[in-house]
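Below is one structure, written out as structure tokens; comments come after it.
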Amino acid sequence: MVEHGEIRVVHRGGSKLTSRDPVFSSDSRFLLCASGECVKVFSTSTEECIHDLRGHTELVTGVLLRPSNHLQVYSCSADGTVRLWDFTDGILIKTYVIGYPIYSIYASANHEGVIFLVTPAQSDKRSEMFQLVAVQLPQSGDQLVEARELSAVLSDVSSNPAAIVFGRGGEYIASANGLQLEVYFFKKQKAYRFPLKEDNKKGGKNTFMCVACHPKDDCIATGHEDGKIRLWRNFNHKKEYTYSTLHWHHSAVSSLCFTPEGTNLLSGGIESVLVQWRYNQESQRDFLPRLGAAITHIAVSPDGALFCTSHSDNKITIIQSCVKVSAVIQGLVKGESVRTDLMMDPRSKSLVLNGKPGHLQFYSLQRDKLLYNLDIVQQEYIHESGLQQFEVVKAAFNASGNWLATVEERKQKAAELELNLKLWAYDEQTQSFVLNTTISAPHEAQITAMCFCHAADSQTTMLASTSKDGHFKAWQLAAQAHTEDEGPSWSCDFVGAYHDLVPECCCFSADGSLLAVSFQEVVTVWSPASWELLTTLSQPPGAIRDLCFGRLSCSKYLLGTSANNLLCCWNLLTCSLEWSTSMDVSLLLADPLSENMAAFCCQAGCTDLFVFKPSEPRPLFSRKEVCSGKVTRAVFAPREEMLESCEESSQWLNHSQLYFLTQYMDLMTFTTKAEEDRLMASSKQLVIDDSVAMTPFYLLLGKHRQQENQDSLGGMSAERTPLPQGSVAIRELLQTPAHVLPSTSYLCSMFVQSLLISVTDTREENKHTEEEMESEKEEEDSEGEMESSTRPKESLESEATESAAPALTKAQARELRRVKKLDHSWLAGLLDS
Amino acid sequence: MASFKPTKIQVYPKLGEKVTQDTLYWKNYKAPVQIKEFGAITNIDFSPVAPHNFAVTAFTRVHIYGPFSQEPVKTFTRFKDTAYSGRFRSDGQLFVAGCEDSVVRLFDVSGKVALRMFKGHTKAVHVTDFTSDRYQILTGSDDYTCRLWDIPNATELTTYQEHTDYIRCGVTSKLNRDLFITGSYDHTLKVFDARADKSVMTMDHGQPVESLLLYPSEGLLISAGGRYVKVWDLLKGGQPLVSLKNHHKTVTCLCLSSNGQRLLSASLDRHVKVYNTTNYKVVHNFDYAASILSLALAPDDESIVVGMTNGILSIKHRKSLEESKEISGQQKRRPSYRVFVKGKNYVPKQDDYLVSKPVKQHLAKYDKQLKKFNVSKALDTALERKPEITVAVIKELDRRGTLKNALAGRDEQGLSHLLNFLIGNMVDPRFAPVLVTAADMILDIYQSVIGQSPVVDRQLLRLQELLEREIDYQQDLVEVLGMLDTMFASSLPRKEVPSLPQTVELSLS
């Protein structure tokens with residue numbers, strides 16, 4: 001086995017943005033959120049990610065602005081460290097090693113230099129018990145600081161970060177766990193516990209979900225699993241506490257938040273409605289409905305102008321004063337499972353998979369950004385748990401990206417399966433897909449596979465679908481019979497079956513002349529032109545799992561994997577088995593741009609990857625233990641520019657890149673060393689260029705700046721700067737039309753700078769040389785000058801002697817200097833002679 | 001904040017007729033004018049000259065109507081018994097009609113008293129016509145004879161006694177004064193030449209012949225009898241060209257449209273069918289209230305006049321151009337053009353600040369109620385709409401998991417409303433999958449109150465009956481399907497399934 005050191009499996013984007021609540025910077029220009037192993041800094045106005053604070057080695061579990069310095073931020077992670085960052089520049093300032101996995105972080109202005117962390121109860125790290133500890137952060141200049149002095153504040157707290165909160169600037173801390181609310185007063189060093197009775201009414205669940213404290217009043221709001229919000233008051237007495245109940249949510253309240261002035265209380269839950277309650281006038285509520293998915297966290301900017309809600313579909317919405325959604329930061333949506341295959345949109349070169357319920361998401365791999373969600377189901381989504389919704393289960397693009405076929409299904413118990421096959425045409429004008437045909441109930445049972453004919457030159461587009469009802473159908477685009485109707489639409493062209501067996505997968509050959517459909521153990525090959533059954537291939541026993549035609553030079557091969565761990569390759573010219581090998585292939589896919597095929601094999605809980613050509617016996621590349629668990633979704637993404645790799649083992653990555661989804665829904669890819677280097681270089685370059693956007697003004701002025709930089713460098717060495725008139729900036733300034741110039745305030749500094757350089761003493765020297773040259777010219781012009789030049793000298797000398805007391809006028813002084821110079825040259829000439 | 005997505009109303013494939021050029025043409029008539037006559041209207045004939053009055057023969061009278069009047073402009077009443085076959089001469093001056101009393105009467109259109117009476121037939125005369133030279137009259141009678149009469153002398157010229165049953169239709173050639181064709185209940189059509197003493201051509205229609213029609217070119221002859229309309233090629237010696245069977249009762253009358261492109265046939269099955277004369281396909285269909293005995297088209301298809309057995313004369317006039325436009329405009333009374341373009345055509349000036357206004361989403365009433373989660377109200381609203389919409393809303397409620405809530409808690413009236421809808425639409429294959437679930441739920445919910453309201457009980461029984469009948473139908477259909485399958489299977493040539501390739505043997509060996 002050859003070791004391929006240069007090809008690495010790397011994690012590629014799409015980590016969860018909404019695991020912890022996001023934090024606004026104090027000027028509310030930035031939003032910080034924990035995303036996987038890093039903290040991302042987003043701009044609240046442009047939605048762009050400005051910095052990635054990387055350093056943690058495990059999941060980041062909390063982000064917190066440092067109370068004493070609002071330009072610094074703490075982040076805690078399950079790796080047992082707390083890191084302090086300068087988020088405006090993206091610099092790691094300090095690392096505090098705590099030594100225990102941390103689940104959340106809190107701090108308040110009252111407690112200088114102390115942070116509060118939730119860690120597992122110290123007895124054993126794996127227990128379900130958590131405690132809140134205070135950590136005194138040591139003052140030390142080192143980068144890496146050990147902070148092992150932990151003092152427990154509260155024991156038995158919830159690991160949910162929303163269940164602990166500081167009240168009134170840090171006077172007390174409230175923690176909710178299970179059916180108990182605990183308030184700890186720091187001054188009195190005393191904790192009060194307020195247990196709730198388990199509600200015995202039907203459906204009543206009193207469990208605490210989240211806690212929020214009023215910033216001014218002594219009031220704690222708690223959210224409960226049954227959708228109630230309780231406002232607790234007078235809780236500094238054990239007995240005389242009171243609470244009032246607000247009820248609007250029909251299921252659990254997942255997040256609560258007071259606005260900074262305490263005038264409003266925000267709450268959210270699975271209904272995906274942001275509810276704004278007026279404090280002390282609770283009957284008045286404002287709603288912001290249909291935010292897209294269940295609300296998991298709510299945050300408010302320090303000035304109260306911006307709200308921000310995190311949603312379960314990996315989205316952060318920024319809302320302006322509870323009326324308008326101003327920005328949406330959307331990550332890769334990860335459902336419980338990817339039911340569609342991973343696909344590449346041939347037009348936008350983006351990864352396509354199902355995301356939000358009833359949607360397909362288009363995700364740009366290059367930019368790690370969700371481009372858009374395409375609404376497939378086009379129905380109002382009801383945010384209620386336990387409701388059977390329409391799900392997009394299959395999708396396919398044709399080769400040019402003009403057509404998209406989707407299948408949505410909804411299965412209710414005791415009701416018929418609802419299936420819809422939809423065909424979407426790409427609309428150039430709107431640059432998106434437009435519904436062309438809806439076929440309701442295309443099959444009587446679930447569709448097992450669907451594929452487009454990928455022939456580039458075929459006039460008609462064809463789609464094949466196989467279903468558990470024992471049929472496969474071919475769909476074709478046909479013009480309408482009646483001219484009154486709009487355009488062409490899709491209709492069924494052929495229905496095929498084979499011995500009442502259930503078809504599992506189908507595949508068109510690269511030129512579209514063959515359709516292979518596998519019926520359990522048998523592979524049938526059909527001609528789409530005449531719908532004749534050409535041949536059947538079988539390799540008993542074991543049902544066929546995957547079918548794939550070879551491409552380019554290997555197009556005579558048909559590959560299939562079977563349930564009894566066989567990978568078979570048939571030669572279609574001889575209709576015989578070319579070779580077969582025994583391996584448990586969980587996924588087989590072909591690179592659309594080369595002959596290569598990739599096979600993911602599942603072995604002992606790990607997945608191995610083999611890349612091979614059907615015509616060659618040796619694999620091009622193999623890698624053991626790519627990841628743990630089974631890989632069932634992968635895709636070859638065509639590269640934008642071909643990689644020039646001469647290494648034999650990494651040649652298969654030249655045309656396209658292989659992306660795959662692991663069991664835990666992580667998107668991974670393979671990269672080569674060269675590519676990584678290039679990526680690093682480009683990212684560095686990006687950092688430099690990042691400061692100014694590429695605008696015409698930048699092109700105009702940025703050039704000057706660079707030139708200036710060079711000039712100044714050159715000037716340093718040569719101790720000589722060009723004259724003001726000669727400065728490129730000035731010349732450009734004078735020559736470019738006034739209306740294309742940037743504002744004068746911007747140009748002014750440059751102009752002044754250029755002047756400043758010429759004012760230094762070098763300038764005088766320059767002047768000398770200039771005048772010298774002028775005078776020399778004069779000399780050359782007239783021969784009589786030589787004699788006459790002596791006269792002014794004498795007269796000047798006489799003048800100088802005459803009026804020694806009065807200061808020389810400038811002109812006179814200049815004259816004098818010139819004469820002196822002249823004298824020197826003369827003398828020099830005499831000396832030489 | 002995404003906007004509310006309205007309920008999706010499924011578009012079902014349109015059943016019924018397609019809109020073609022023909023449907024547009026033949027639908028472009030006004031609502032019919034109906035005039036009650038004294039008896040069954042046996043014949044309608046348009047005057048060949050303007051203003052194209054038409055003679056309607058009904059019972060013992062012949063009324064002549066003007067093109068737009070609803071009162072007869074003239075009436076001939078001097079018949080002793082039922083009159084038949086009132087016809088105009090080609091100059092529109094003279095008028096002839098047969099009678100049950102076997103006397104044929106000739107009238108001046110402007111006069112009242114018969115100018116001539118042709119006596120000779122022994123039984124009722126059902127067929128009269130002028131020859132093309134205008135001086136002779138052809139008559140056909142129930143005494144199996146057809147005769148030619150001279151008008152000036154009122155004398156009988158020739159008698160042909162070749163038919164063996166009643167002669168009920170006949171037509172004279174417009175090009176040759178000696179040629180005429182008769183059709184009889186003895187199933188034959190005979191072509192006579194007055195110069196010969198025998199029929200020159202005989203064709204067998206196969207049914208008692210009710211009506212005859214010659215093409216303007218007179219190369220083709222159309223005959224109607226029984227349920228058949230047949231076309232004969234006279235130039236090929238009476239060869240049958242086409243046999244049409246589009247009516248399910250006896251075809252009584254034939255008529256050509258003014259340009260000769262369309263053929264109309266009227267039948268006792270109360271339909272008038274319009275055929276394309278190039279391919280003889282039915283292109284349009286008119287329905288009438290009673291069995292049709294006579295049909296005539298005004299020149300230029302300006303009006304369709306139909307006489308029925310119940311004595312009702314139905315006249316449909318063609319809409320004028322303005323009218324057809326006006327009517328369609330009236331049907332959809334919309335705000336004027338100005339309202340729509342108001343402010344839209346304002347072009348912003350260069351330094352204007354544009355404030356984009358969100359487009360207001362218009363929602364149907366049931367959608368508004370669904371948006372507010374008022375499920376019962378939404379269902380009530382939808383029940384008043386088209387069944388497609390109702391079913392879509394029921395489906396949407398089912399998807400939301402609130403169909404049970406929407407169906408429950410109804411009083412007798414509400415429940416019977418719901419059951420009515422189910423009875424009406426339950427067996428529609430388009431709606432059945434959704435409505436079966438709803439019906440199940442209704443039965444579950446209202447199980448306990450069965451027997452309390454006679455209205456609801458009756459409706460439930462009807463529903464049960466309906467379902468039982470539907471199950472029977474389905475069973476029958478499955479049987480038929482099975483029969484068809486066996487038939488197809490036996491008729492298909494047995495094709496060898498391609499034998500499994502060598503791979504099997506290879507892998508086994």
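Note on naming: chains are A, B, ... as they come in the structure tokens, residues start from 1 per chain, ligands start from 1 in the order shown.
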Enumerate as an MDAnalysis selection string all residues of segment 180-243 of chain B assigned to strand (DSSP E or B) by DSSP on the backbone, naming them with the chain letters and numbers the document uses. chainID B and resid 180:184 188:193 199:204 209:214 220:225 228:233 239:243
Neighbours of Gln136 of chain B within 9 Å (only C-alpha atoms; same-chain residues fewer than 6 positions away dropped), as a PDB file with C-alpha atoms, in the first residue's frame?
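After the write, result11.pdb holds the following:
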ATOM      1  CA  ASP B 129     -90.002  20.708 -54.747  1.00  0.00           C
ATOM      2  CA  PHE B 130     -89.581  22.935 -57.777  1.00  0.00           C
ATOM      3  CA  LEU B 148     -93.820  15.665 -61.927  1.00  0.00           C
ATOM      4  CA  TRP B 149     -96.414  18.343 -62.513  1.00  0.00           C
ATOM      5  CA  ASP B 150     -96.585  21.191 -64.932  1.00  0.00           C
ATOM      6  CA  ILE B 151     -97.322  24.451 -63.115  1.00  0.00           C
ATOM      7  CA  PRO B 152     -99.081  26.455 -65.847  1.00  0.00           C
ATOM      8  CA  LEU B 157     -96.462  15.027 -66.487  1.00  0.00           C
ATOM      9  CA  ARG B 177     -84.113  20.489 -64.904  1.00  0.00           C
TER      10      ARG B 177
END
Residues within 10 Å of Ala529 of chain A, please, as an NGL selection string. Count only C-alpha atoms; anything in the same chain fewer than 6 positions from it doesn't count. :A and (512-515)
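Counting only C-alpha atoms and comparing B:Leu397, B:Ala408, B:Val191, B:Leu477, the residue that lies closest to chain A is B:Leu397.
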Could you pull out the alpha helix (DSSP H) residues of segment 191-339 of chain B, going by DSSP on the backbone, and write them as an NGL selection string? :B and (321-331 or 337-339)
Residues just named, written with all heavy atoms as a JSON list (two decimals), in the first residue's frame:
[["chain", "number", "residue", "atom", "x", "y", "z"],
["B", 321, "LEU", "N", -70.34, 41.59, -35.04],
["B", 321, "LEU", "CA", -68.97, 41.73, -34.55],
["B", 321, "LEU", "C", -68.90, 42.51, -33.26],
["B", 321, "LEU", "O", -68.26, 42.13, -32.31],
["B", 321, "LEU", "CB", -68.12, 42.42, -35.61],
["B", 321, "LEU", "CG", -67.36, 41.48, -36.55],
["B", 321, "LEU", "CD1", -66.57, 42.28, -37.54],
["B", 321, "LEU", "CD2", -66.47, 40.54, -35.76],
["B", 322, "GLU", "N", -69.64, 43.68, -33.26],
["B", 322, "GLU", "CA", -69.57, 44.54, -32.08],
["B", 322, "GLU", "C", -70.18, 43.82, -30.89],
["B", 322, "GLU", "O", -69.66, 43.86, -29.79],
["B", 322, "GLU", "CB", -70.33, 45.85, -32.30],
["B", 322, "GLU", "CG", -69.87, 46.67, -33.48],
["B", 322, "GLU", "CD", -70.56, 46.27, -34.76],
["B", 322, "GLU", "OE1", -71.77, 46.51, -34.85],
["B", 322, "GLU", "OE2", -69.89, 45.69, -35.65],
["B", 323, "GLU", "N", -71.27, 43.12, -31.20],
["B", 323, "GLU", "CA", -71.97, 42.46, -30.11],
["B", 323, "GLU", "C", -71.09, 41.42, -29.43],
["B", 323, "GLU", "O", -71.03, 41.33, -28.21],
["B", 323, "GLU", "CB", -73.24, 41.78, -30.65],
["B", 323, "GLU", "CG", -74.45, 42.64, -30.54],
["B", 323, "GLU", "CD", -75.66, 41.92, -31.09],
["B", 323, "GLU", "OE1", -75.53, 41.20, -32.09],
["B", 323, "GLU", "OE2", -76.71, 42.09, -30.51],
["B", 324, "SER", "N", -70.42, 40.65, -30.28],
["B", 324, "SER", "CA", -69.62, 39.58, -29.67],
["B", 324, "SER", "C", -68.52, 40.16, -28.80],
["B", 324, "SER", "O", -68.16, 39.60, -27.77],
["B", 324, "SER", "CB", -69.02, 38.68, -30.75],
["B", 324, "SER", "OG", -68.26, 39.45, -31.64],
["B", 325, "LYS", "N", -68.01, 41.30, -29.21],
["B", 325, "LYS", "CA", -66.98, 41.93, -28.39],
["B", 325, "LYS", "C", -67.59, 42.50, -27.12],
["B", 325, "LYS", "O", -67.08, 42.34, -26.02],
["B", 325, "LYS", "CB", -66.31, 43.05, -29.18],
["B", 325, "LYS", "CG", -65.13, 42.56, -29.99],
["B", 325, "LYS", "CD", -64.50, 43.70, -30.72],
["B", 325, "LYS", "CE", -63.59, 43.19, -31.82],
["B", 325, "LYS", "NZ", -63.35, 44.21, -32.82],
["B", 326, "GLU", "N", -68.73, 43.16, -27.34],
["B", 326, "GLU", "CA", -69.38, 43.85, -26.23],
["B", 326, "GLU", "C", -69.75, 42.86, -25.13],
["B", 326, "GLU", "O", -69.53, 43.11, -23.95],
["B", 326, "GLU", "CB", -70.64, 44.52, -26.76],
["B", 326, "GLU", "CG", -71.15, 45.66, -25.94],
["B", 326, "GLU", "CD", -72.37, 46.24, -26.59],
["B", 326, "GLU", "OE1", -72.22, 47.08, -27.50],
["B", 326, "GLU", "OE2", -73.47, 45.82, -26.21],
["B", 327, "ILE", "N", -70.29, 41.74, -25.56],
["B", 327, "ILE", "CA", -70.76, 40.77, -24.58],
["B", 327, "ILE", "C", -69.59, 40.27, -23.74],
["B", 327, "ILE", "O", -69.65, 40.23, -22.52],
["B", 327, "ILE", "CB", -71.43, 39.57, -25.30],
["B", 327, "ILE", "CG1", -72.64, 40.06, -26.10],
["B", 327, "ILE", "CG2", -71.83, 38.50, -24.31],
["B", 327, "ILE", "CD1", -73.86, 40.42, -25.30],
["B", 328, "SER", "N", -68.49, 39.97, -24.44],
["B", 328, "SER", "CA", -67.37, 39.45, -23.68],
["B", 328, "SER", "C", -66.85, 40.52, -22.73],
["B", 328, "SER", "O", -66.35, 40.22, -21.66],
["B", 328, "SER", "CB", -66.26, 38.98, -24.62],
["B", 328, "SER", "OG", -65.75, 40.09, -25.33],
["B", 329, "GLY", "N", -66.95, 41.77, -23.15],
["B", 329, "GLY", "CA", -66.54, 42.85, -22.27],
["B", 329, "GLY", "C", -67.46, 42.96, -21.07],
["B", 329, "GLY", "O", -67.03, 43.19, -19.96],
["B", 330, "GLN", "N", -68.75, 42.75, -21.33],
["B", 330, "GLN", "CA", -69.71, 42.89, -20.25],
["B", 330, "GLN", "C", -69.54, 41.80, -19.20],
["B", 330, "GLN", "O", -69.71, 42.04, -18.02],
["B", 330, "GLN", "CB", -71.13, 42.81, -20.82],
["B", 330, "GLN", "CG", -71.74, 44.18, -21.04],
["B", 330, "GLN", "CD", -73.11, 44.05, -21.63],
["B", 330, "GLN", "OE1", -73.59, 42.97, -21.90],
["B", 330, "GLN", "NE2", -73.74, 45.19, -21.84],
["B", 331, "GLN", "N", -69.18, 40.61, -19.70],
["B", 331, "GLN", "CA", -69.07, 39.51, -18.76],
["B", 331, "GLN", "C", -68.00, 39.78, -17.71],
["B", 331, "GLN", "O", -68.16, 39.43, -16.56],
["B", 331, "GLN", "CB", -68.72, 38.23, -19.52],
["B", 331, "GLN", "CG", -69.94, 37.61, -20.16],
["B", 331, "GLN", "CD", -69.59, 36.51, -21.14],
["B", 331, "GLN", "OE1", -68.44, 36.41, -21.54],
["B", 331, "GLN", "NE2", -70.55, 35.72, -21.51],
["B", 337, "TYR", "N", -58.99, 50.92, -18.11],
["B", 337, "TYR", "CA", -57.55, 50.88, -18.35],
["B", 337, "TYR", "C", -56.82, 51.91, -17.51],
["B", 337, "TYR", "O", -55.74, 51.67, -17.00],
["B", 337, "TYR", "CB", -57.34, 51.12, -19.84],
["B", 337, "TYR", "CG", -55.91, 51.16, -20.26],
["B", 337, "TYR", "CD1", -55.14, 50.01, -20.25],
["B", 337, "TYR", "CD2", -55.32, 52.35, -20.69],
["B", 337, "TYR", "CE1", -53.82, 50.03, -20.63],
["B", 337, "TYR", "CE2", -54.01, 52.38, -21.08],
["B", 337, "TYR", "CZ", -53.26, 51.22, -21.05],
["B", 337, "TYR", "OH", -51.95, 51.25, -21.43],
["B", 338, "ARG", "N", -57.49, 53.06, -17.37],
["B", 338, "ARG", "CA", -56.85, 54.16, -16.66],
["B", 338, "ARG", "C", -56.45, 53.77, -15.23],
["B", 338, "ARG", "O", -55.42, 54.16, -14.72],
["B", 338, "ARG", "CB", -57.81, 55.34, -16.62],
["B", 338, "ARG", "CG", -57.19, 56.59, -17.09],
["B", 338, "ARG", "CD", -58.22, 57.67, -17.42],
["B", 338, "ARG", "NE", -59.59, 57.34, -17.16],
["B", 338, "ARG", "CZ", -60.35, 58.02, -16.31],
["B", 338, "ARG", "NH1", -59.85, 59.02, -15.64],
["B", 338, "ARG", "NH2", -61.61, 57.72, -16.16],
["B", 339, "VAL", "N", -57.32, 52.96, -14.61],
["B", 339, "VAL", "CA", -57.07, 52.59, -13.23],
["B", 339, "VAL", "C", -55.78, 51.80, -13.11],
["B", 339, "VAL", "O", -55.00, 51.98, -12.19],
["B", 339, "VAL", "CB", -58.26, 51.77, -12.70],
["B", 339, "VAL", "CG1", -57.97, 51.25, -11.31],
["B", 339, "VAL", "CG2", -59.50, 52.62, -12.70]]
What are the residues of chain A lining chain B at 7 Å or less? Count only C-alpha atoms, and put the answer as a PDB file with N, CA, C and O atoms, in the first residue's frame.
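Result file selection.pdb:
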ATOM      1  N   PRO A 289     -43.903  37.034  12.286  1.00  0.00           N
ATOM      2  CA  PRO A 289     -44.111  35.618  11.989  1.00  0.00           C
ATOM      3  C   PRO A 289     -43.281  35.145  10.799  1.00  0.00           C
ATOM      4  O   PRO A 289     -42.649  35.934  10.097  1.00  0.00           O
ATOM      5  N   ARG A 290     -43.320  33.834  10.598  1.00  0.00           N
ATOM      6  CA  ARG A 290     -42.720  33.171   9.435  1.00  0.00           C
ATOM      7  C   ARG A 290     -41.250  33.534   9.248  1.00  0.00           C
ATOM      8  O   ARG A 290     -40.846  34.033   8.222  1.00  0.00           O
ATOM      9  N   LEU A 291     -40.467  33.308  10.279  1.00  0.00           N
ATOM     10  CA  LEU A 291     -39.038  33.586  10.155  1.00  0.00           C
ATOM     11  C   LEU A 291     -38.297  32.422   9.504  1.00  0.00           C
ATOM     12  O   LEU A 291     -37.098  32.493   9.331  1.00  0.00           O
ATOM     13  N   VAL A 325     -36.637  42.402   8.491  1.00  0.00           N
ATOM     14  CA  VAL A 325     -35.443  41.561   8.447  1.00  0.00           C
ATOM     15  C   VAL A 325     -34.426  42.290   7.591  1.00  0.00           C
ATOM     16  O   VAL A 325     -34.667  42.576   6.427  1.00  0.00           O
ATOM     17  N   GLN A 378     -43.480  24.550  -2.225  1.00  0.00           N
ATOM     18  CA  GLN A 378     -44.333  25.737  -2.387  1.00  0.00           C
ATOM     19  C   GLN A 378     -45.591  25.656  -1.553  1.00  0.00           C
ATOM     20  O   GLN A 378     -46.689  25.884  -2.028  1.00  0.00           O
ATOM     21  N   GLN A 379     -45.420  25.260  -0.326  1.00  0.00           N
ATOM     22  CA  GLN A 379     -46.552  25.243   0.588  1.00  0.00           C
ATOM     23  C   GLN A 379     -46.124  25.927   1.867  1.00  0.00           C
ATOM     24  O   GLN A 379     -44.959  25.936   2.212  1.00  0.00           O
ATOM     25  N   GLU A 380     -47.095  26.444   2.555  1.00  0.00           N
ATOM     26  CA  GLU A 380     -46.821  27.068   3.841  1.00  0.00           C
ATOM     27  C   GLU A 380     -46.328  25.989   4.793  1.00  0.00           C
ATOM     28  O   GLU A 380     -46.972  24.962   4.978  1.00  0.00           O
ATOM     29  N   ILE A 382     -45.747  24.413   8.239  1.00  0.00           N
ATOM     30  CA  ILE A 382     -46.348  24.541   9.564  1.00  0.00           C
ATOM     31  C   ILE A 382     -45.315  24.118  10.580  1.00  0.00           C
ATOM     32  O   ILE A 382     -44.845  22.982  10.582  1.00  0.00           O
ATOM     33  N   LEU A 387     -45.470  16.625  12.789  1.00  0.00           N
ATOM     34  CA  LEU A 387     -46.349  16.770  11.636  1.00  0.00           C
ATOM     35  C   LEU A 387     -45.623  16.213  10.413  1.00  0.00           C
ATOM     36  O   LEU A 387     -44.449  16.501  10.217  1.00  0.00           O
ATOM     37  N   THR A 535     -30.543  -6.371 -23.612  1.00  0.00           N
ATOM     38  CA  THR A 535     -29.908  -7.523 -22.993  1.00  0.00           C
ATOM     39  C   THR A 535     -30.132  -7.474 -21.491  1.00  0.00           C
ATOM     40  O   THR A 535     -30.539  -6.453 -20.941  1.00  0.00           O
ATOM     41  N   THR A 536     -29.892  -8.569 -20.865  1.00  0.00           N
ATOM     42  CA  THR A 536     -29.918  -8.584 -19.408  1.00  0.00           C
ATOM     43  C   THR A 536     -28.590  -9.125 -18.920  1.00  0.00           C
ATOM     44  O   THR A 536     -27.991 -10.007 -19.529  1.00  0.00           O
ATOM     45  N   LEU A 537     -28.110  -8.554 -17.845  1.00  0.00           N
ATOM     46  CA  LEU A 537     -26.853  -8.981 -17.250  1.00  0.00           C
ATOM     47  C   LEU A 537     -27.172  -9.354 -15.810  1.00  0.00           C
ATOM     48  O   LEU A 537     -27.982  -8.702 -15.169  1.00  0.00           O
ATOM     49  N   SER A 538     -26.543 -10.398 -15.331  1.00  0.00           N
ATOM     50  CA  SER A 538     -26.797 -10.703 -13.928  1.00  0.00           C
ATOM     51  C   SER A 538     -25.582 -11.350 -13.312  1.00  0.00           C
ATOM     52  O   SER A 538     -24.756 -11.965 -13.991  1.00  0.00           O
ATOM     53  N   GLN A 539     -25.473 -11.180 -12.055  1.00  0.00           N
ATOM     54  CA  GLN A 539     -24.328 -11.698 -11.313  1.00  0.00           C
ATOM     55  C   GLN A 539     -24.889 -12.202  -9.997  1.00  0.00           C
ATOM     56  O   GLN A 539     -24.763 -11.552  -8.982  1.00  0.00           O
ATOM     57  N   CYS A 575     -21.091  -8.293 -23.784  1.00  0.00           N
ATOM     58  CA  CYS A 575     -22.144  -8.641 -22.834  1.00  0.00           C
ATOM     59  C   CYS A 575     -21.656  -9.670 -21.831  1.00  0.00           C
ATOM     60  O   CYS A 575     -22.355 -10.614 -21.479  1.00  0.00           O
ATOM     61  N   SER A 576     -20.440  -9.535 -21.412  1.00  0.00           N
ATOM     62  CA  SER A 576     -19.922 -10.507 -20.452  1.00  0.00           C
ATOM     63  C   SER A 576     -19.247  -9.765 -19.308  1.00  0.00           C
ATOM     64  O   SER A 576     -18.928  -8.585 -19.410  1.00  0.00           O
ATOM     65  N   LEU A 577     -19.029 -10.513 -18.259  1.00  0.00           N
ATOM     66  CA  LEU A 577     -18.405  -9.921 -17.086  1.00  0.00           C
ATOM     67  C   LEU A 577     -16.921  -9.739 -17.363  1.00  0.00           C
ATOM     68  O   LEU A 577     -16.226 -10.692 -17.721  1.00  0.00           O
TER      69      LEU A 577
END
Near-Thr250 of chain B list (8 Å; only C-alpha atoms; drop same-chain fewer than 3 positions) as a list in words: Gly225, Gly226, Arg227, Tyr228, His247, Ser267, Leu268 and Asp269 of chain B
Interatomic distance, atom CA of Thr128 of chain B to atom CA of Ser85 of chain B (Å, one decimal): 6.1 Å
Surrounding residues of Ser155 of chain A excluding itself and chain neighbours under 6 positions, 9 Å, only C-alpha atoms, as a list in words: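 That gives Ala121, Met129, Phe130, Gln131, Leu132 and Val133 of chain A.
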Gly496 of chain A surroundings by only C-alpha atoms, 10 Å radius, close-in-sequence under 2 positions cut, as a count of residues only: 14
Quote the spacing between atom CA of Thr164 of chain B and atom CA of Gly183 of chain B in Å to one decimal place. 10.9 Å
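Of the residues listed (B:Lys273, B:His63, B:Arg78, B:Arg134), B:Lys273 shows the shortest atom-to-atom separation from Ser257 of chain B; distances use only C-alpha atoms.
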Using only C-alpha atoms, which of the listed residues (B:Ile471, B:Ala382, B:Val73, B:Leu297) sits closest to Pro48 of chain B? B:Leu297
Cys451 of chain A surroundings by only C-alpha atoms, 9 Å radius, close-in-sequence under 3 positions cut, as a list in words: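 My reading of the contact set: Ala395, Ala396, Phe397, Asn398, Ala405, His454, Met462, Leu463, Ala464, Ser465, Cys506, Cys507 and Phe508 of chain A.
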